[in-house]
Amino acid sequence: MKEPSIMVILGLVFAAASPGGSAQLDHFSGYWINVDPEASGVTALEIGVTGLEVNVGAWGRCDPEECYWGSANSSIAYGPRIDSDLASEATALSAIWRLSFGETLMVILPSEPDQIRADVYTRFPDGSGRSAYAESFLFERREGDRCFQDLPDPQLELTGIESYTVSGKNFTRYNLAVANWNAYPPEIFEAAPDLPPCGLNPQSSRTWVEIRDQDGGRIYGFCALNHPMNLTGLWFSVEEGEGPPESAYMVMIDRRCERYLRSNEVSIDDLSTPTKSVEPTDSNAALPANLQAMMNFQRFFPL
């Protein structure tokens, strides 16, 4: 999309939008959730304001997970006049993304208190013949939440396997670790009693972790991790006589911000024999710490 055509579209958009009035630029700042949880387009926005500079990040509906579009290629604040004081008279924001599926222009306008409206215009300059289209969404502010926009995908590693026995049954545990665990803020692993519980645990963490096989099937899950360092102690088990998956990956699910981060896949064939044997036990108290934390999760969310 060339800049002249963008400006033409912006002119038409602002002429048609007729915003209800000005607002302080800080009014736009924050994390915003689409009021329609089933919306098929833009699901969330995070708008940062530094002085007169704005930065807009967006999430869109994908299948089956949310897609983070990233920060807009350009984000601009507008006032009602050429001499407007944007800090106190901001009328609208615009944000432009150039994505793999097309080019998107978003115009963000103040709406009701603690709400904003986003008019979204998408076109496809790839010669596919798909029609450009327009959508409009209403968002409400989500207070107290910080949704970190630029978190990297987890870098998953298979660190070893070991055998152990529980209640007379033999298992092989495959140990996994996230190499870049320290890239994640502790806030996303805080207890979230206001979100749905994990089984009988009402203090489960804001972010849950799922281990999935090469076909996307859930193998195991963690809902009580309380610090990013816990990402170095992930694992899943296979009972003796059952074959492990060909490969595995993990998904971090930030339930408060409805964000998904997917890791790389690791081949389970990289290690074929146990590297450590754990003493047999029939007591849950003697299980590894992470297994104790997962008992409720596995009980209420069985494989």
# chains A, B, ... in the order shown; residues from 1 in each chain; ligands from 1

$ select_by_dssp --residues "stretch 112-254 of chain A" --states "strand (DSSP E)" --output "PyMOL selection string"
chain A and resi 115-123+133-141+156-166+169-178+207-213+218-222+234-239+247-254

$ residues_around --residues "stretch 37-41 of chain A" --least-positions-apart "4" --cutoff "10 Å" --atoms "only C-alpha atoms" --output "PDB file with N, CA, C and O atoms, in the first residue's frame"
ATOM      1  N   ILE A  33     -10.308  -5.284  25.293  1.00  0.00           N
ATOM      2  CA  ILE A  33     -10.864  -6.566  24.873  1.00  0.00           C
ATOM      3  C   ILE A  33     -12.131  -6.324  24.066  1.00  0.00           C
ATOM      4  O   ILE A  33     -12.967  -5.488  24.433  1.00  0.00           O
ATOM      5  N   TRP A  59      -4.379  -8.287  18.325  1.00  0.00           N
ATOM      6  CA  TRP A  59      -4.548  -9.730  18.219  1.00  0.00           C
ATOM      7  C   TRP A  59      -5.780 -10.009  17.379  1.00  0.00           C
ATOM      8  O   TRP A  59      -6.783  -9.282  17.462  1.00  0.00           O
ATOM      9  N   GLY A  60      -5.727 -11.030  16.561  1.00  0.00           N
ATOM     10  CA  GLY A  60      -6.860 -11.398  15.717  1.00  0.00           C
ATOM     11  C   GLY A  60      -7.253 -12.838  15.939  1.00  0.00           C
ATOM     12  O   GLY A  60      -6.474 -13.648  16.463  1.00  0.00           O
ATOM     13  N   ARG A  61      -8.470 -13.161  15.550  1.00  0.00           N
ATOM     14  CA  ARG A  61      -8.975 -14.527  15.700  1.00  0.00           C
ATOM     15  C   ARG A  61      -8.340 -15.442  14.667  1.00  0.00           C
ATOM     16  O   ARG A  61      -8.352 -15.152  13.473  1.00  0.00           O
ATOM     17  N   CYS A  62      -7.735 -16.512  15.126  1.00  0.00           N
ATOM     18  CA  CYS A  62      -7.187 -17.536  14.245  1.00  0.00           C
ATOM     19  C   CYS A  62      -7.806 -18.873  14.649  1.00  0.00           C
ATOM     20  O   CYS A  62      -8.598 -18.935  15.577  1.00  0.00           O
ATOM     21  N   VAL A 120     -11.898  -1.171  10.937  1.00  0.00           N
ATOM     22  CA  VAL A 120     -10.781  -1.922  10.362  1.00  0.00           C
ATOM     23  C   VAL A 120     -11.026  -2.124   8.864  1.00  0.00           C
ATOM     24  O   VAL A 120     -12.076  -2.627   8.457  1.00  0.00           O
ATOM     25  N   GLU A 135     -14.673  -3.692   8.656  1.00  0.00           N
ATOM     26  CA  GLU A 135     -15.320  -4.202   9.864  1.00  0.00           C
ATOM     27  C   GLU A 135     -15.255  -3.128  10.940  1.00  0.00           C
ATOM     28  O   GLU A 135     -14.405  -2.229  10.896  1.00  0.00           O
ATOM     29  N   SER A 136     -16.120  -3.223  11.936  1.00  0.00           N
ATOM     30  CA  SER A 136     -16.111  -2.301  13.063  1.00  0.00           C
ATOM     31  C   SER A 136     -16.294  -3.097  14.348  1.00  0.00           C
ATOM     32  O   SER A 136     -17.155  -3.992  14.413  1.00  0.00           O
ATOM     33  N   PHE A 137     -15.477  -2.786  15.357  1.00  0.00           N
ATOM     34  CA  PHE A 137     -15.511  -3.517  16.615  1.00  0.00           C
ATOM     35  C   PHE A 137     -15.520  -2.539  17.777  1.00  0.00           C
ATOM     36  O   PHE A 137     -14.933  -1.450  17.709  1.00  0.00           O
TER      37      PHE A 137
END

$ atom_distance --atom1 "atom CA of A:Asn230" --atom2 "atom CA of A:Asp194"
22.2 Å

$ closest_residue --among "A:Thr165, A:Asn201, A:Gln155, A:Asn170" --to "A:Ala183" --atoms "only C-alpha atoms"
A:Gln155

$ atom_distance --atom1 "atom CA of A:Tyr133" --atom2 "atom CA of A:Thr104"
9.8 Å

$ select_by_dssp --residues "stretch 77-275 of chain A" --states "helix (DSSP H, G or I)" --output "JSON, numbers by chain"
{"A": [86, 87, 88, 89, 181, 182, 183, 186, 187, 188, 189, 228, 229, 230, 231, 232, 233, 268, 269, 270]}

$ closest_atom_pairs --of "stretch 235-260 of chain A" --to "stretch 185-189 of chain A" --cutoff "10 Å" --atoms "only C-alpha atoms" --output "JSON lines"
{"residue": "A:Ile253", "atom": "CA", "partner": "A:Ile188", "partner_atom": "CA", "distance": 9.6}
{"residue": "A:Asp254", "atom": "CA", "partner": "A:Ile188", "partner_atom": "CA", "distance": 6.9}
{"residue": "A:Arg255", "atom": "CA", "partner": "A:Ile188", "partner_atom": "CA", "distance": 9.2}
{"residue": "A:Arg256", "atom": "CA", "partner": "A:Ile188", "partner_atom": "CA", "distance": 8.7}
{"residue": "A:Cys257", "atom": "CA", "partner": "A:Ile188", "partner_atom": "CA", "distance": 9.6}

$ residues_around --residues "A:Leu45" --least-positions-apart "5" --cutoff "8 Å" --atoms "only C-alpha atoms" --output "list in words"
Tyr31, Trp32, Ile33, Val56, Gly57, Ala58 and Trp59 of chain A

$ write_last_selection --atoms "C-alpha atoms" --output "short mmCIF file (atom, residue, chain, number, x, y, z; two decimals), in the first residue's frame"
data_model
loop_
_atom_site.label_atom_id
_atom_site.label_comp_id
_atom_site.auth_asym_id
_atom_site.auth_seq_id
_atom_site.Cartn_x
_atom_site.Cartn_y
_atom_site.Cartn_z
CA TYR A 31 -5.33 -3.12 27.14
CA TRP A 32 -8.69 -3.47 25.39
CA ILE A 33 -10.86 -6.57 24.87
CA VAL A 56 -0.76 -0.07 18.76
CA GLY A 57 -0.53 -3.85 19.01
CA ALA A 58 -3.38 -6.14 17.95
CA TRP A 59 -4.55 -9.73 18.22
#

$ residues_around --residues "A:Arg117" --least-positions-apart "3" --cutoff "10 Å" --atoms "only C-alpha atoms" --output "short mmCIF file (atom, residue, chain, number, x, y, z; two decimals) with C-alpha atoms, in the first residue's frame"
data_model
loop_
_atom_site.label_atom_id
_atom_site.label_comp_id
_atom_site.auth_asym_id
_atom_site.auth_seq_id
_atom_site.Cartn_x
_atom_site.Cartn_y
_atom_site.Cartn_z
CA PRO A 19 -16.26 11.12 16.24
CA ASN A 34 -13.51 -6.96 22.17
CA ALA A 92 -8.52 9.41 16.83
CA MET A 106 -7.33 0.61 11.66
CA VAL A 107 -8.95 3.83 12.83
CA ILE A 108 -9.54 3.99 16.59
CA LEU A 109 -12.09 6.41 18.02
CA PRO A 110 -13.23 7.16 21.59
CA SER A 111 -16.63 5.76 22.45
CA GLU A 112 -18.43 5.37 25.77
CA VAL A 120 -10.78 -1.92 10.36
CA SER A 136 -16.11 -2.30 13.06
CA PHE A 137 -15.51 -3.52 16.61
CA LEU A 138 -16.20 -2.16 20.08
CA PHE A 139 -13.66 -2.68 22.85
CA GLU A 140 -13.82 -2.27 26.62
#

$ closest_residue --among "A:Asp114, A:Glu46, A:Glu239, A:Asp85" --to "A:Tyr164" --atoms "only C-alpha atoms"
A:Glu239

$ closest_residue --among "A:Leu225, A:Glu66, A:Ala87, A:Phe148" --to "A:Ile47" --atoms "only C-alpha atoms"
A:Phe148

$ residues_around --residues "A:Glu265" --least-positions-apart "5" --cutoff "7 Å" --atoms "only C-alpha atoms" --output "JSON list (two decimals) with C-alpha atoms, in the first residue's frame"
[["chain", "number", "residue", "atom", "x", "y", "z"],
["A", 247, "SER", "CA", 7.72, -35.14, 18.66],
["A", 248, "ALA", "CA", 6.29, -32.63, 21.10],
["A", 249, "TYR", "CA", 5.85, -28.90, 21.49]]

$ closest_residue --among "A:Ile116, A:Val209, A:Val35, A:Ala134" --to "A:Val251" --atoms "only C-alpha atoms"
A:Val209

$ closest_residue --among "A:Thr50, A:Thr207, A:Asn73, A:Thr232" --to "A:Leu156" --atoms "only C-alpha atoms"
A:Thr232

$ residues_around --residues "stretch 214-217 of chain A" --least-positions-apart "4" --cutoff "12 Å" --atoms "only C-alpha atoms" --output "PyMOL selection string"
chain A and resi 64-65+210+221+244-251+262-268+303

$ atom_distance --atom1 "atom CA of A:Arg259" --atom2 "atom CA of A:Val42"
12.7 Å

$ closest_residue --among "A:Leu99, A:Cys147, A:Leu86, A:Ala132" --to "A:Ala44" --atoms "only C-alpha atoms"
A:Cys147
